[in-house]
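Peer 1: Pasting a structure below so you can have a look.
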Amino acid sequence: MINCLALNPSFSASASLTIASTPLTLRNKQHLNVGDQKPHGCNGFGFGSGRSIIERVRSGFKGISVMTDDKSAMSSIEGDLENIGILRIDPSLVNYKDHFRYTSRRFLDQKKLIEKYEGGLKEFAQGYLKFGFNREEGGVVYREWAPAAEEAQVIGDFNGWDGSNHRMEKNQFGVWSIKIPDAGGNPAIPHSSRVKFRFRHSGGVWVDRIPAWIEYATVDPTKFAAPYDGVYWAPPPSERYQFKYPRPPKPKAPRIYEAHVGMSSSEPRINSYREFADQVLPRIRANNYNTVQLMAVMEHSYYASFGYHITNFFAVSSRSGTPEDLKYLIDKAHSLGLQVLMDVVHSHASTNVTDGLNGFDVGQSSQESYFHTGDRGYHKLWDSRLFNYANWEVLRFLLSNLRWWLEEFKFDGFRFDGVTSMLYHHHGINTTFTGDYNEYFSERTDVDAVVYLMLANCLIHDILPGATVIAEDVSGMPGLGRPVYEGGVGFDYRLAMAIPDRWIDYVKNKRDQEWSMKEISWSLTNRRYTEKCVSYAESHDQSIVGDKTIAFFLMDKEMYSGMSCLTDSSATIERGIALHKMIHFITMALGGEGYLNFMGNEFGHPDWIDFPREGNGWSYEKCMRQWNLVDMDHLRYKFMNSFDRAMNLLDDKFSFLASNKQIVSSTNEEDKVIVFERGDLVFVFNFHPENTYEGYKVGCDLPGKYRVALDSDAWEFGGRGRVGHDTDHFTSPEGIPGVAATNFNNRPNSFKVLSPSRTCVVYYRMEESKEENSNSNLAGVKKTSVAANVAKYHGKSASVARNSVGRKRK
């Protein structure tokens with residue numbers, strides 16, 4: 001049984017991992033230029049794209065078992081590697097030019113070999129058309145890579161689990177195959193019947209395993225700890241889900257709702273894909289998110305692993321339904337304008353033998369296995385197996401896995417889990433990253449894994465140019481978020497994983513008077529110039545058993561007794577709701593180029609997450625979401641939810657997350673006020689527990705008239721309504737034009753505002769032609785179409801739903 005407390009693929013070795021601190025030359029740029037907008041295609045080094053996509057992968061399986069740094073494989077094109085683009089962006093990386101040349105050459109060599117032997121990267125990534133079970137003329141063909149096996153059979157319901165008449169043949173590359181002819185015009189293996197791969201290893205013992213490329217796997221729910229069975233999934237056309245809606249366009253900036261389908265029910269049970277689609281997706285859309293990130297999609301036999309100990313990489317988790325049910329969910333999301341990202345786990349695999357990929361390496365060497373042998377193939381903190389990314393068939397398996405989810409299920413991108421573990425041979429265990437570049441570029445770097453990630457990002461963006469790909473990396477490796485053609489690894493975003501740690505430290509360990517405005521601002525803006533981040537105050541990491549959500553840290557047990565609007569709020573509740581809104585909003589507005597929230601935290605869900613496990617008597621009590629709390633109009637949870645909706649709507653209207661302009665003009669420790677600009681919006685955060693400032697002077701860039709765009713103190717958000725939303729704020733020029741030193745906080749203009757304690761207020765500049773248009777005011781006095789839709793969804797009147805705008809540790 002897997003220990004659910006040691007499953008996080010970005011686990012920081014008992015907090016020994018800290019976020020990298022990058023050079024000042026690349027941090028805190030006033031204008032966060034995200035760089036050029038060239039596509040992520042991988043032909044910038046001079047290689048062509050190879051032949052057009054073929055319908056089937058070549059049957060010859062020409063290739064080699066392990067890719068190494070073999071100079072004879074192909075001659076490197078040194079001229080293409082002399083001018084690495086990333087070195088122009090960060091000149092301090094010039095000292096590591098040899099490293100970037102080496103990894104880029106390895107990538108080119110690998111890609112060229114794939115083109116030579118497989119017809120191209122896209123063709124190579126169609127392994128699922130050849131491996132596993134596929135319909136070919138007159139029958140079903142099954143292929144499996146198991147080079148160390150000495151005999152092999154396919155068994156299942158179709159042959160009474162007796163494989164003596166279904167022996168497989170092995171080719172020179174270790175691939176076993178068999179064609180099972182149709183019987184009476186019908187497939188010999190019926191749709192939805194159980195199947196397994198039986199082979200004899202060198203010890204002379206016969207073992208049964210689930211096929212590595214299986215597309216569905218199920219378990220008998222009536223038997224405790226029963227093993228999973230592979231299922232041949234080939235529904236007739238009448239039963240196969242047909243997508244009806246196109247993919248939505250890629251948003252300017254992702255506003256991500258991280259969700260776990262299984263635990264999304266309001267009842268203590270496992271929710272289904274279709275229930276999630278019909279009941280939860282409308283909530284996500286109503287709160288103005290544009291992206292859903294689904295956890296635990298790939299099959300994992302241990303539910304409490306949160307979906308991070310994968311057993312079957314091509315199979316949809318059967319707990320929540322069938323592959324067709326998941327397609328329904330994704331199509332429904334697309335119909336609502338939501339992109340869908342998948343939490344993909346290619347950093348490791350479950351150690352389970354009978355139902356996992358681990359079961360294929362009996363007596364094998366690294367060249368004959370999906371995993372490294374010995375210590376290199378085992379992650380001691382996660383109790384999991386580690387892939388050999390230099391292996392040809394491992395590359396085929398993992399790259400095909402990505403294409404499978406993109407094309408078969410229409411996912412719009414991925415969040416790659418556990419990237420830190422992949423990047424380094426030490427996997428981040430007992431390692432502290434200080435920002436010294438030697439920590440990233442040395443013999444400790446796993447170049448095989450880096451090359452795989454370069455190939456993966458190249459493939460994803462070639463198949464789907466509008467894909468969003470996010471790296472979960474705590475180390476801060478430079479270049480991770482730059483395109484492959486520049487010498488980067490190719491991710492679109494990385495998660496800003498230091499931010500939630502900072503907030504937990506503050507709400508857990510510091511009195512309000514000890515909160516440092518400079519430290520908060522620094523933590524939120526400390527990211528690499530030109531490498532985009534997705535910020536978050538809390539994800540699923542901060543919600544699991546043994547930890548607390550931010551809302552729980554702020555209000556604790558009073559969340560169960562003090563959230564009724566029918567009584568006056570306590571000081572604890574008033575402080576908690578106010579800071580919950582401020583923490584999430586400043587994280588969104590200042591922390592990155594995208595934003596993420598975990599399911600339920602938008603309304604301050606009071607309970608932690610605890611999956612059914614031996615330690616809690618296999619209880620589902622805390623493996624659910626209490627949607628009733630936010631649906632009850634007399635409870636204060638609605639205020640946090642409404643403000644979350646307003647935050648997202650503000651970005652919808654002003655696109656501040658996608659803006660290159662981000663300027664922090666003031667971090668006043670005495671006043672406890674942070675003032676900054678994002679795009680052309682001016683944000684004023686007053687963290688002082690008591691002081692309200694009248695006529696508070698704030699700097700800005702553009703002259704003109706400003707009004708309130710969003711106000712956390714509005715009545716709709718549980719505030720006191722102290723800020724006037726129809727007040728015009730006229731700017732005054734500051735100092736000598738063009739001489740920043742004479743300006744106010746280095747800003748050429750200023751205006752004065754009312755800043756109540758524990759509030760955040762956003763101001764927008766009114767254009768002359770729109771001064772009479774009061775609809776521009778989003779601050780909390782107008783009903784919106786979104787509010788009406790929310791009211792309709794909850795069966796309430798629009799007046800009730802009135803709105804203003806809009807370290808995982810298992």
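The chains in the structure tokens are called A, B, ... from first to last as shown; in each chain the residues are counted from 1, and the ligands are counted from 1 in the order shown.
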Could you name the residues that touch A:Lys250 at 12 Å or less, counting only C-alpha atoms, but leaving out those on the same chain fewer than 3 positions away, as a list in words?
Peer 2: Pro246, Arg247, Ala253, Pro254, Arg255, Asn290, Thr291, His334, Gly337, Leu338, Gln339, Val340, Leu341, Asp412, Gly413, Leu464, Pro465, Gly466, Ala467, Thr468, Val469 and Asp492 of chain A
Peer 1: Quick one: distance from atom CA of A:Tyr529 to atom CA of A:Ala498 in Å, one decimal?
Peer 2: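 Taking atom CA of A:Tyr529 as the start and atom CA of A:Ala498 as the end point, the length is 16.3 Å.
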Peer 1: Of the candidates A:Leu108, A:Val362, A:Val261, A:Ala277, which shows the shortest atom-to-atom distance to A:Glu150, using only C-alpha atoms?
Peer 2: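 That would be A:Val362, the residue with the smallest distance to A:Glu150.
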Peer 1: What is the distance between atom CA of A:Pro221 and atom CA of A:Glu621, in Å to one decimal?
Peer 2: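 So the answer is 18.9 Å.
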Peer 1: So which residues of stretch 527-617 of chain A fall under helix (DSSP H, G or I) by DSSP, listed as a PyMOL selection string?
Peer 2: chain A and resi 540-543+550-559+571-590+601-603+614-616
Peer 1: When distances are computed from only C-alpha atoms, which of A:Val474, A:Ala152, A:Leu579, A:Met555 shows the smallest separation from A:Trp176?
Peer 2: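 Between A:Val474, A:Ala152, A:Leu579, A:Met555, the residue approaching A:Trp176 most closely is A:Ala152.
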Peer 1: For the atom pair atom CA of A:Lys752 and atom CA of A:Val708, what is the interatomic distance in Å to one decimal place?
Peer 2: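 Atom-to-atom, atom CA of A:Lys752 to atom CA of A:Val708, that is 12.1 Å.
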Peer 1: How would you write, as a PyMOL selection string, the set of residues in stretch 541-677 of chain A that DSSP gives as strand (DSSP E or B)?
Peer 2: chain A and resi 544+564+594-598+609+635+661-668+673-677
Peer 1: Go through A:Pro733, A:Gly374, A:Pro227, A:Pro268 and flag the residue nearest A:His300, using only C-alpha atoms for the distances.
Peer 2: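 Of A:Pro733, A:Gly374, A:Pro227, A:Pro268, the one nearest A:His300, counting only C-alpha atoms, is A:Pro227.
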Peer 1: Find the spatial neighbours of A:Phe598, counting only C-alpha atoms, within a cut-off of 6 Å - ignore same-chain residues fewer than 5 positions away - and output them as a ChimeraX atom specification.
Peer 2: /A:257-258,539-540
